[in-house]
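First up is the structure itself, then whatever we jot down about it.
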Amino acid sequence: MTEEKRDMDLEGLFRNKLEENEMEAGADLSGRVMRRLERKEFLRFNTSRFNIFYAAAAAAVITIAGLLVFPSPGDEESPLPAVREPQQTEQAVTHEKKVEGAIEQAVTVTPSLKETDTSGDKPVTQPAAITSRQNETLKPVAAGSESSVTREVRKGEPTTVRSLQRVVIETSASSGCVPLTVRFSYPAAGTMKADWSFGDGGISDENAPDYIYDLPGTYIVTLTLTDAEGNKSSAATRIDVWPGPKAEFEITKNKLAEEGEELLFNNLSTGGVRYLWSFGDGTTSDESDPQHIYQSYGRYDVRLTVYSEQGCADSVTITDIFTDKGMFLRFPTAFLPNTGGPTGGYYSRRTDEANQVFHPVASGVASYNLKIYNKVGLLVFESSDIEMGWDGYYKGQLCPPGVYVWKVRGAYRNGQAIVMAGDVTLISY
Amino acid sequence: MSDQHIIEGCISHNRKAQQLLWKQYSGYLLGVCMRYATDRPEAEDMLQEAFLRIYFNLGEYSGTGSFKGWLRKVTVNTAITYYHRNLRHKHHVDIDEYVTAETGTAGFEEDFYSAEDLYRVLNELSPGYRMVFNLYTVEGYKHQEIAEMLGIDVNTSKSQYSRARAILRKKLEELAKMKEKYT
């Protein structure tokens, strides 16, 4: 696998370069800080010593320490499990070599034939030369070891033998990605009886069989031809079936991702050395596990194509990701205000488990205005902030239990207007 | 001296521990401040403030998480306070910087840009954009959290972020062209 990951996205660049970056603070800055610190500490120290002597009088002063309040980064929504589509696999045989009737396969001649056939014929085949013509990935086939020779040598009939010596297997491909379909043939097909053995147990007596290899491996195919007089001659060829990669991936943070937020594409493919991602918004990446940001909601189809070392490809597509979470606005019909005092009305799914705030469940709302009236039509609450619900208080006083009427006006992100009304029951313990 | 010793020393007002705290972390924290500032003097101001906050609140550090992370958090919070305070004096320049985001997809070669380059392009951003970009990208906060911290709308955070991103990308690309010309 080639790991070239020096090109990174903008976020990665800033994060990697600056997150841990240190700068020289400089002597005068150090001096200034230390002086300020001393001064401040002196004042504080005095306060506390003062405090020791005049404890009662200075009790209030001691609390001057400004407490820091840290916003907690805790409101993390747990990402839903990534949606995974049923494998939508497509095979792309990329390296198919069309060898149109040209591959001259080794006419294998048994040693015994050579010995008996003394007519001075040149050896007909040069196995090494032939293999080099097929494909660079083919290793030279050792002639004789893999070629089965079934020819029956008939002494005393040299002419017949010679006419059968050139047996040629024609293949539509000598190598390719699994599953590989190969069409086998031989010149002047039909003039003799053919027997094919495909190297994986499969046989055929057709003149031009199509054969599918669905397991990767190297197969030696033999053809035995028998003429009308019963003379047999045979040839062999080699078929390489490369393993195919398997494309698979998942997306983290699919459902809850927000616009502009980074999605991580987790590559689960096997057998790949190169990857090509297409994010469906016109952008691509060749990283193994890319990150991507969609600028807006949509229905994006993400396609991952995986290439093996030999160029076999597989791809898988996850459709309709990063869609809008939907647009809706729903209100509960009752709530239980906090009787201990107003809560302010800000809520989050986490904090308002007790249902103390009347607020909607919403998605895709762009603008919003909520008005709540009591029975006599007095406006008791109004909010234009969807994050701000009603805590049940009006002017600091808890409203009496009962039914209140609400009205909402606003618009969804796509411009669709929202006009809703309903009632809510304020419940009291 | 370990972090633990430094912390204890500072709490008991040990001068040496103070200096060690500064020596050990001022460089790192200045690097943080530089991301949030318009220029170096502003970053130094921020750092002074952050350091005083850190020093007088060391007792708050629980000792469980990373000390460095805690220091960074206090510093980032100081930067946020700084930002809020300055908002009242300066007015927003965000609108001028609005660019139609023509976001390219080309990656950035890490070694091509120095930290100084990145600080420079960050410093040139308007404070709001810089704030959101930093908090989101480097600090890793979510838009919802950023919105709460800065007192802005979530959508504002998102749109500022994507604009900041577009501006930065443009600036980095310009910078790359310039660099290629002169090297």
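Chain labels follow the order of the structure tokens: the first chain is A, the next B, and so on; residue numbering restarts at 1 in every chain, and ligands are counted from 1 in their shown order.
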
DSSP-assigned helix (DSSP H, G or I) members of chain B, reported as a CSV table (one decimal) with N, CA and C atoms, in the first residue's frame:
```csv
chain,number,residue,atom,x,y,z
B,3,ASP,N,4.9,18.2,37.0
B,3,ASP,CA,3.7,19.1,37.0
B,3,ASP,C,3.1,19.2,38.4
B,4,GLN,N,3.1,18.1,39.1
B,4,GLN,CA,2.5,18.0,40.4
B,4,GLN,C,3.2,18.9,41.4
B,5,HIS,N,4.6,18.8,41.3
B,5,HIS,CA,5.4,19.7,42.1
B,5,HIS,C,5.2,21.1,41.8
B,6,ILE,N,5.2,21.4,40.5
B,6,ILE,CA,5.0,22.8,40.1
B,6,ILE,C,3.7,23.4,40.7
B,7,ILE,N,2.6,22.6,40.5
B,7,ILE,CA,1.3,23.0,41.0
B,7,ILE,C,1.3,23.3,42.5
B,8,GLU,N,1.8,22.3,43.2
B,8,GLU,CA,1.9,22.5,44.7
B,8,GLU,C,2.7,23.7,45.1
B,9,GLY,N,3.9,23.8,44.4
B,9,GLY,CA,4.7,24.9,44.6
B,9,GLY,C,4.0,26.2,44.4
B,10,CYS,N,3.3,26.3,43.3
B,10,CYS,CA,2.6,27.6,43.0
B,10,CYS,C,1.5,27.9,44.0
B,11,ILE,N,0.8,26.8,44.4
B,11,ILE,CA,-0.2,27.1,45.4
B,11,ILE,C,0.3,27.6,46.7
B,15,ARG,N,8.3,30.9,44.7
B,15,ARG,CA,8.7,31.7,43.6
B,15,ARG,C,9.3,30.9,42.4
B,16,LYS,N,10.0,29.9,42.9
B,16,LYS,CA,10.7,29.0,41.9
B,16,LYS,C,9.7,28.2,41.0
B,17,ALA,N,8.7,27.8,41.7
B,17,ALA,CA,7.6,27.0,41.0
B,17,ALA,C,6.9,27.9,40.0
B,18,GLN,N,6.7,29.1,40.4
B,18,GLN,CA,6.1,30.1,39.5
B,18,GLN,C,6.9,30.2,38.2
B,19,GLN,N,8.2,30.4,38.4
B,19,GLN,CA,9.0,30.6,37.2
B,19,GLN,C,9.1,29.3,36.4
B,20,LEU,N,9.1,28.2,37.0
B,20,LEU,CA,9.1,26.9,36.3
B,20,LEU,C,7.8,26.8,35.5
B,21,LEU,N,6.7,27.1,36.1
B,21,LEU,CA,5.4,27.0,35.4
B,21,LEU,C,5.4,27.8,34.1
B,22,TRP,N,6.0,29.0,34.3
B,22,TRP,CA,6.1,29.9,33.2
B,22,TRP,C,7.0,29.4,32.1
B,23,LYS,N,8.2,29.0,32.6
B,23,LYS,CA,9.2,28.5,31.7
B,23,LYS,C,8.7,27.3,30.9
B,24,GLN,N,8.0,26.4,31.6
B,24,GLN,CA,7.6,25.2,31.0
B,24,GLN,C,6.5,25.4,29.9
B,25,TYR,N,5.5,26.3,30.2
B,25,TYR,CA,4.3,26.3,29.4
B,25,TYR,C,4.1,27.6,28.7
B,26,SER,N,4.9,28.6,28.9
B,26,SER,CA,4.6,29.9,28.3
B,26,SER,C,4.7,29.8,26.8
B,27,GLY,N,5.6,29.0,26.3
B,27,GLY,CA,5.8,28.9,24.8
B,27,GLY,C,4.6,28.2,24.2
B,28,TYR,N,4.1,27.2,24.8
B,28,TYR,CA,3.0,26.5,24.3
B,28,TYR,C,1.7,27.4,24.3
B,29,LEU,N,1.5,28.0,25.5
B,29,LEU,CA,0.3,28.9,25.6
B,29,LEU,C,0.4,30.1,24.7
B,30,LEU,N,1.6,30.6,24.5
B,30,LEU,CA,1.7,31.7,23.5
B,30,LEU,C,1.3,31.2,22.1
B,31,GLY,N,1.7,30.0,21.8
B,31,GLY,CA,1.2,29.4,20.6
B,31,GLY,C,-0.3,29.4,20.5
B,32,VAL,N,-0.9,29.0,21.6
B,32,VAL,CA,-2.4,29.0,21.6
B,32,VAL,C,-2.9,30.4,21.4
B,33,CYS,N,-2.4,31.4,22.1
B,33,CYS,CA,-2.9,32.8,22.1
B,33,CYS,C,-2.7,33.3,20.7
B,34,MET,N,-1.6,33.0,20.0
B,34,MET,CA,-1.3,33.5,18.7
B,34,MET,C,-2.4,33.1,17.7
B,35,ARG,N,-3.1,32.0,18.0
B,35,ARG,CA,-4.1,31.6,17.1
B,35,ARG,C,-5.4,32.5,17.2
B,36,TYR,N,-5.5,33.0,18.4
B,36,TYR,CA,-6.7,33.8,18.7
B,36,TYR,C,-6.5,35.3,18.5
B,40,ARG,N,0.9,39.8,17.4
B,40,ARG,CA,1.8,39.3,18.5
B,40,ARG,C,1.5,40.1,19.8
B,41,PRO,N,1.5,41.4,19.8
B,41,PRO,CA,1.2,42.1,21.1
B,41,PRO,C,-0.1,41.7,21.7
B,42,GLU,N,-1.1,41.5,20.9
B,42,GLU,CA,-2.4,41.1,21.5
B,42,GLU,C,-2.3,39.7,22.1
B,43,ALA,N,-1.5,38.8,21.4
B,43,ALA,CA,-1.3,37.5,21.9
B,43,ALA,C,-0.6,37.5,23.2
B,44,GLU,N,0.4,38.5,23.4
B,44,GLU,CA,1.1,38.6,24.6
B,44,GLU,C,0.2,39.1,25.7
B,45,ASP,N,-0.6,40.0,25.4
B,45,ASP,CA,-1.6,40.5,26.4
B,45,ASP,C,-2.5,39.3,26.9
B,46,MET,N,-3.0,38.6,25.9
B,46,MET,CA,-3.8,37.5,26.2
B,46,MET,C,-3.1,36.5,27.1
B,47,LEU,N,-1.9,36.2,26.8
B,47,LEU,CA,-1.1,35.2,27.5
B,47,LEU,C,-0.9,35.7,29.0
B,48,GLN,N,-0.6,37.0,29.1
B,48,GLN,CA,-0.4,37.5,30.5
B,48,GLN,C,-1.7,37.2,31.3
B,49,GLU,N,-2.8,37.6,30.7
B,49,GLU,CA,-4.0,37.4,31.4
B,49,GLU,C,-4.3,35.9,31.7
B,50,ALA,N,-4.1,35.1,30.7
B,50,ALA,CA,-4.3,33.7,30.9
B,50,ALA,C,-3.4,33.1,32.0
B,51,PHE,N,-2.2,33.6,32.0
B,51,PHE,CA,-1.2,33.0,33.0
B,51,PHE,C,-1.6,33.4,34.4
B,52,LEU,N,-2.1,34.6,34.5
B,52,LEU,CA,-2.5,35.0,35.9
B,52,LEU,C,-3.8,34.2,36.3
B,53,ARG,N,-4.7,34.0,35.4
B,53,ARG,CA,-5.8,33.2,35.7
B,53,ARG,C,-5.4,31.8,36.1
B,54,ILE,N,-4.5,31.3,35.3
B,54,ILE,CA,-4.0,29.9,35.6
B,54,ILE,C,-3.4,29.9,37.0
B,55,TYR,N,-2.6,30.8,37.2
B,55,TYR,CA,-1.8,30.8,38.5
B,55,TYR,C,-2.8,30.9,39.7
B,56,PHE,N,-3.7,31.7,39.6
B,56,PHE,CA,-4.6,31.9,40.8
B,56,PHE,C,-5.7,30.9,40.8
B,58,LEU,N,-5.0,27.5,40.1
B,58,LEU,CA,-4.4,26.2,40.0
B,58,LEU,C,-5.1,25.2,40.9
B,59,GLY,N,-5.7,25.7,42.0
B,59,GLY,CA,-6.4,24.9,42.9
B,59,GLY,C,-7.6,24.2,42.3
B,60,GLU,N,-8.1,24.8,41.2
B,60,GLU,CA,-9.2,24.2,40.5
B,60,GLU,C,-8.9,23.0,39.6
B,67,PHE,N,-2.8,18.1,32.4
B,67,PHE,CA,-2.5,19.4,33.0
B,67,PHE,C,-2.4,20.4,31.8
B,68,LYS,N,-1.7,20.0,30.8
B,68,LYS,CA,-1.5,20.8,29.6
B,68,LYS,C,-2.9,21.1,29.0
B,69,GLY,N,-3.7,20.2,28.9
B,69,GLY,CA,-5.0,20.4,28.4
B,69,GLY,C,-5.8,21.4,29.2
B,70,TRP,N,-5.6,21.3,30.5
B,70,TRP,CA,-6.3,22.2,31.4
B,70,TRP,C,-5.8,23.7,31.2
B,71,LEU,N,-4.5,23.8,31.0
B,71,LEU,CA,-3.9,25.1,30.8
B,71,LEU,C,-4.4,25.6,29.5
B,72,ARG,N,-4.5,24.8,28.5
B,72,ARG,CA,-5.0,25.3,27.2
B,72,ARG,C,-6.5,25.7,27.3
B,73,LYS,N,-7.2,25.0,28.1
B,73,LYS,CA,-8.6,25.4,28.2
B,73,LYS,C,-8.8,26.7,28.9
B,74,VAL,N,-8.0,26.9,29.9
B,74,VAL,CA,-8.1,28.2,30.6
B,74,VAL,C,-7.7,29.3,29.6
B,75,THR,N,-6.6,29.0,28.9
B,75,THR,CA,-6.1,30.0,27.9
B,75,THR,C,-7.2,30.3,26.8
B,76,VAL,N,-7.8,29.3,26.3
B,76,VAL,CA,-8.8,29.5,25.3
B,76,VAL,C,-10.0,30.3,25.9
B,77,ASN,N,-10.3,30.0,27.1
B,77,ASN,CA,-11.4,30.8,27.8
B,77,ASN,C,-11.0,32.2,28.0
B,78,THR,N,-9.8,32.5,28.3
B,78,THR,CA,-9.3,33.8,28.4
B,78,THR,C,-9.4,34.5,27.0
B,79,ALA,N,-9.1,33.8,26.0
B,79,ALA,CA,-9.2,34.4,24.6
B,79,ALA,C,-10.6,34.7,24.3
B,80,ILE,N,-11.5,33.9,24.8
B,80,ILE,CA,-13.0,34.2,24.5
B,80,ILE,C,-13.4,35.4,25.3
B,81,THR,N,-13.0,35.5,26.6
B,81,THR,CA,-13.3,36.7,27.4
B,81,THR,C,-12.7,38.0,26.7
B,82,TYR,N,-11.5,37.8,26.2
B,82,TYR,CA,-10.8,38.9,25.5
B,82,TYR,C,-11.6,39.3,24.3
B,83,TYR,N,-12.1,38.3,23.6
B,83,TYR,CA,-12.9,38.6,22.4
B,83,TYR,C,-14.2,39.3,22.7
B,84,HIS,N,-14.9,38.9,23.7
B,84,HIS,CA,-16.1,39.5,24.1
B,84,HIS,C,-15.9,41.0,24.5
B,85,ARG,N,-14.8,41.2,25.3
B,85,ARG,CA,-14.5,42.6,25.7
B,85,ARG,C,-14.2,43.5,24.5
B,86,ASN,N,-13.5,42.9,23.6
B,86,ASN,CA,-13.1,43.8,22.5
B,86,ASN,C,-14.2,44.0,21.5
B,87,LEU,N,-15.2,43.1,21.5
B,87,LEU,CA,-16.3,43.3,20.6
B,87,LEU,C,-17.0,44.6,20.8
B,88,ARG,N,-17.0,45.1,22.1
B,88,ARG,CA,-17.7,46.3,22.4
B,88,ARG,C,-17.0,47.5,21.8
B,89,HIS,N,-15.6,47.4,21.6
B,89,HIS,CA,-14.9,48.5,21.1
B,89,HIS,C,-14.8,48.5,19.6
B,94,ASP,N,-17.0,41.6,9.5
B,94,ASP,CA,-17.2,40.3,8.9
B,94,ASP,C,-17.8,40.5,7.5
B,95,ILE,N,-18.6,41.5,7.3
B,95,ILE,CA,-19.3,41.6,6.0
B,95,ILE,C,-18.3,41.9,4.9
B,96,ASP,N,-17.3,42.7,5.2
B,96,ASP,CA,-16.3,43.0,4.2
B,96,ASP,C,-15.6,41.7,3.7
B,97,GLU,N,-15.5,40.8,4.6
B,97,GLU,CA,-14.7,39.6,4.3
B,97,GLU,C,-15.5,38.6,3.6
B,110,GLU,N,1.7,19.6,4.0
B,110,GLU,CA,2.0,20.1,5.4
B,110,GLU,C,3.3,20.9,5.4
B,111,ASP,N,4.3,20.3,4.8
B,111,ASP,CA,5.7,20.9,4.9
B,111,ASP,C,5.8,22.2,4.2
B,112,PHE,N,4.9,22.4,3.3
B,112,PHE,CA,5.0,23.6,2.5
B,112,PHE,C,4.7,24.9,3.3
B,115,ALA,N,4.5,27.3,10.5
B,115,ALA,CA,3.6,27.7,11.5
B,115,ALA,C,3.3,29.2,11.4
B,116,GLU,N,4.4,29.9,11.1
B,116,GLU,CA,4.3,31.4,11.0
B,116,GLU,C,3.3,31.8,9.9
B,117,ASP,N,3.4,31.0,8.8
B,117,ASP,CA,2.4,31.3,7.7
B,117,ASP,C,1.0,31.1,8.1
B,118,LEU,N,0.8,30.0,8.9
B,118,LEU,CA,-0.6,29.8,9.3
B,118,LEU,C,-1.1,30.8,10.3
B,119,TYR,N,-0.2,31.2,11.2
B,119,TYR,CA,-0.6,32.3,12.2
B,119,TYR,C,-0.9,33.5,11.4
B,120,ARG,N,-0.1,33.8,10.4
B,120,ARG,CA,-0.4,35.0,9.7
B,120,ARG,C,-1.8,35.0,9.0
B,121,VAL,N,-2.1,34.0,8.3
B,121,VAL,CA,-3.4,33.9,7.7
B,121,VAL,C,-4.5,33.9,8.8
B,122,LEU,N,-4.3,33.3,9.9
B,122,LEU,CA,-5.3,33.3,11.0
B,122,LEU,C,-5.4,34.8,11.5
B,123,ASN,N,-4.3,35.4,11.8
B,123,ASN,CA,-4.3,36.8,12.3
B,123,ASN,C,-5.1,37.7,11.4
B,124,GLU,N,-5.0,37.4,10.1
B,124,GLU,CA,-5.7,38.4,9.2
B,124,GLU,C,-7.2,38.2,9.2
B,127,PRO,N,-12.0,38.8,13.9
B,127,PRO,CA,-12.0,38.1,15.2
B,127,PRO,C,-13.0,37.0,15.3
B,128,GLY,N,-14.2,37.3,14.8
B,128,GLY,CA,-15.3,36.3,14.9
B,128,GLY,C,-15.0,35.0,14.2
B,129,TYR,N,-14.6,35.2,12.9
B,129,TYR,CA,-14.2,34.0,12.1
B,129,TYR,C,-13.1,33.2,12.7
B,130,ARG,N,-12.1,34.0,13.2
B,130,ARG,CA,-10.9,33.3,13.8
B,130,ARG,C,-11.3,32.5,15.0
B,131,MET,N,-12.2,33.1,15.8
B,131,MET,CA,-12.7,32.5,17.0
B,131,MET,C,-13.3,31.1,16.7
B,132,VAL,N,-14.3,31.2,15.8
B,132,VAL,CA,-15.1,30.0,15.4
B,132,VAL,C,-14.2,29.0,14.8
B,133,PHE,N,-13.3,29.4,13.9
B,133,PHE,CA,-12.5,28.4,13.2
B,133,PHE,C,-11.6,27.7,14.2
B,134,ASN,N,-11.0,28.5,15.1
B,134,ASN,CA,-10.1,27.9,16.1
B,134,ASN,C,-10.8,26.9,17.0
B,135,LEU,N,-11.9,27.4,17.5
B,135,LEU,CA,-12.6,26.6,18.5
B,135,LEU,C,-13.1,25.3,17.8
B,136,TYR,N,-13.5,25.4,16.6
B,136,TYR,CA,-14.0,24.2,15.9
B,136,TYR,C,-12.9,23.3,15.4
B,137,THR,N,-12.0,23.9,14.7
B,137,THR,CA,-11.0,23.0,14.1
B,137,THR,C,-9.9,22.5,15.0
B,138,VAL,N,-9.3,23.5,15.7
B,138,VAL,CA,-8.2,23.1,16.6
B,138,VAL,C,-8.6,22.6,17.9
B,143,HIS,N,-20.4,23.0,17.0
B,143,HIS,CA,-21.0,24.3,16.8
B,143,HIS,C,-21.9,24.7,17.9
B,144,GLN,N,-22.7,23.7,18.4
B,144,GLN,CA,-23.6,24.0,19.5
B,144,GLN,C,-22.8,24.6,20.7
B,145,GLU,N,-21.7,24.0,21.0
B,145,GLU,CA,-20.9,24.5,22.1
B,145,GLU,C,-20.3,25.9,21.9
B,146,ILE,N,-19.9,26.0,20.6
B,146,ILE,CA,-19.3,27.3,20.3
B,146,ILE,C,-20.3,28.4,20.4
B,147,ALA,N,-21.5,28.1,19.9
B,147,ALA,CA,-22.6,29.0,19.9
B,147,ALA,C,-22.8,29.5,21.3
B,148,GLU,N,-22.8,28.5,22.3
B,148,GLU,CA,-23.0,28.9,23.7
B,148,GLU,C,-21.9,29.7,24.2
B,149,MET,N,-20.7,29.3,23.9
B,149,MET,CA,-19.5,30.1,24.4
B,149,MET,C,-19.5,31.5,23.9
B,150,LEU,N,-19.8,31.7,22.7
B,150,LEU,CA,-19.7,33.0,22.1
B,150,LEU,C,-21.0,33.8,22.2
B,154,VAL,N,-26.3,29.0,16.5
B,154,VAL,CA,-25.6,27.9,16.0
B,154,VAL,C,-25.3,28.1,14.5
B,155,ASN,N,-26.3,28.6,13.8
B,155,ASN,CA,-26.2,28.7,12.4
B,155,ASN,C,-25.1,29.8,12.1
B,156,THR,N,-25.0,30.8,13.0
B,156,THR,CA,-24.0,31.8,12.8
B,156,THR,C,-22.6,31.1,12.9
B,157,SER,N,-22.5,30.3,13.9
B,157,SER,CA,-21.2,29.6,14.1
B,157,SER,C,-20.9,28.8,12.8
B,158,LYS,N,-21.9,28.1,12.3
B,158,LYS,CA,-21.6,27.3,11.1
B,158,LYS,C,-21.2,28.1,9.9
B,159,SER,N,-22.0,29.2,9.7
B,159,SER,CA,-21.7,29.9,8.5
B,159,SER,C,-20.4,30.7,8.6
B,160,GLN,N,-20.1,31.1,9.9
B,160,GLN,CA,-18.8,31.8,10.1
B,160,GLN,C,-17.7,30.8,9.8
B,161,TYR,N,-17.9,29.6,10.3
B,161,TYR,CA,-16.9,28.6,10.1
B,161,TYR,C,-16.6,28.3,8.6
B,162,SER,N,-17.7,28.2,7.9
B,162,SER,CA,-17.4,27.8,6.5
B,162,SER,C,-16.9,29.0,5.7
B,163,ARG,N,-17.2,30.2,6.1
B,163,ARG,CA,-16.6,31.4,5.5
B,163,ARG,C,-15.2,31.5,5.8
B,164,ALA,N,-14.9,31.3,7.1
B,164,ALA,CA,-13.5,31.3,7.6
B,164,ALA,C,-12.7,30.4,6.8
B,165,ARG,N,-13.2,29.2,6.6
B,165,ARG,CA,-12.6,28.2,5.9
B,165,ARG,C,-12.3,28.6,4.5
B,166,ALA,N,-13.3,29.2,3.8
B,166,ALA,CA,-13.1,29.6,2.4
B,166,ALA,C,-12.0,30.6,2.3
B,167,ILE,N,-12.0,31.6,3.3
B,167,ILE,CA,-11.1,32.7,3.3
B,167,ILE,C,-9.7,32.1,3.5
B,168,LEU,N,-9.5,31.2,4.4
B,168,LEU,CA,-8.2,30.6,4.7
B,168,LEU,C,-7.7,29.9,3.5
B,169,ARG,N,-8.6,29.1,2.9
B,169,ARG,CA,-8.2,28.4,1.8
B,169,ARG,C,-7.6,29.3,0.7
B,170,LYS,N,-8.4,30.3,0.4
B,170,LYS,CA,-8.0,31.3,-0.6
B,170,LYS,C,-6.6,31.9,-0.2
B,171,LYS,N,-6.5,32.3,1.0
B,171,LYS,CA,-5.2,32.9,1.4
B,171,LYS,C,-4.1,32.0,1.3
B,172,LEU,N,-4.3,30.7,1.7
B,172,LEU,CA,-3.2,29.8,1.6
B,172,LEU,C,-2.8,29.5,0.2
B,173,GLU,N,-3.8,29.5,-0.7
B,173,GLU,CA,-3.5,29.3,-2.1
B,173,GLU,C,-2.7,30.4,-2.7
B,174,GLU,N,-3.1,31.7,-2.3
B,174,GLU,CA,-2.4,32.8,-2.7
B,174,GLU,C,-0.9,32.8,-2.2
B,175,LEU,N,-0.8,32.4,-1.0
B,175,LEU,CA,0.5,32.3,-0.3
B,175,LEU,C,1.4,31.3,-1.1
B,176,ALA,N,0.7,30.2,-1.5
B,176,ALA,CA,1.5,29.1,-2.2
B,176,ALA,C,2.0,29.7,-3.5
B,177,LYS,N,1.1,30.4,-4.2
B,177,LYS,CA,1.6,31.0,-5.5
B,177,LYS,C,2.7,31.9,-5.3
B,178,MET,N,2.6,32.7,-4.2
B,178,MET,CA,3.7,33.7,-4.0
B,178,MET,C,5.0,33.0,-3.7
B,179,LYS,N,4.8,31.9,-2.8
B,179,LYS,CA,6.0,31.2,-2.4
B,179,LYS,C,6.7,30.5,-3.6
B,180,GLU,N,5.9,30.0,-4.5
B,180,GLU,CA,6.4,29.3,-5.6
B,180,GLU,C,7.2,30.3,-6.5
B,181,LYS,N,6.7,31.5,-6.6
B,181,LYS,CA,7.3,32.5,-7.4
B,181,LYS,C,8.7,32.8,-6.9
B,182,TYR,N,8.8,32.9,-5.6
B,182,TYR,CA,10.0,33.4,-5.1
B,182,TYR,C,11.0,32.4,-4.6
```

So that I can see what lies close to segment 367-380 of chain A, please list as a ChimeraX atom specification the residues with an atom at most 10 Å from it, counting only C-alpha atoms and leaving out residues fewer than 5 positions away in the same chain. /A:359-360,385-386,388-390,392-395,399-400,402-413,415,417-424

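What separates atom CA of Ile251 of chain A from atom CA of Glu387 of chain A is a distance of 28.8 Å.
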
Pick out the closest residue to chain B from this set: A:Tyr307, A:Phe328, A:Tyr346, A:Phe322. Count only C-alpha atoms.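 Comparing A:Tyr307, A:Phe328, A:Tyr346, A:Phe322 against chain B, the winner is A:Tyr346.
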
Using only C-alpha atoms, find the one residue out of A:Leu223, A:Val33, A:Ile321, A:Val306 that sits nearest to chain B.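 Result for the nearest residue to chain B: A:Val33.
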
Going by DSSP on the backbone, which bits of segment 215-354 of chain A are strand (DSSP E or B)? Write them as a VMD selection string, please. chain A and resid 217 to 226 232 to 242 246 249 to 252 262 to 267 270 274 to 278 284 to 285 291 to 293 300 to 307 313 to 321 328 to 330 334 to 335 346

Nearest-residue call for Glu38 of chain A, choices B:Ser2, B:Asn14, B:Lys142, B:Gly63, using only C-alpha atoms: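 Smallest distance to Glu38 of chain A is found for B:Asn14.
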
Between atom CA of Tyr211 of chain A and atom CA of Ile169 of chain A, what distance in Å does the model show, to one decimal?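 Straight-line distance from atom CA of Tyr211 of chain A to atom CA of Ile169 of chain A works out to 13.8 Å.
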
Can you work out which one of B:Ser114, B:Gly65, B:Gly107, B:Ser12 has the shortest atom-to-atom distance to Thr284 of chain A, counting only C-alpha atoms? B:Gly107
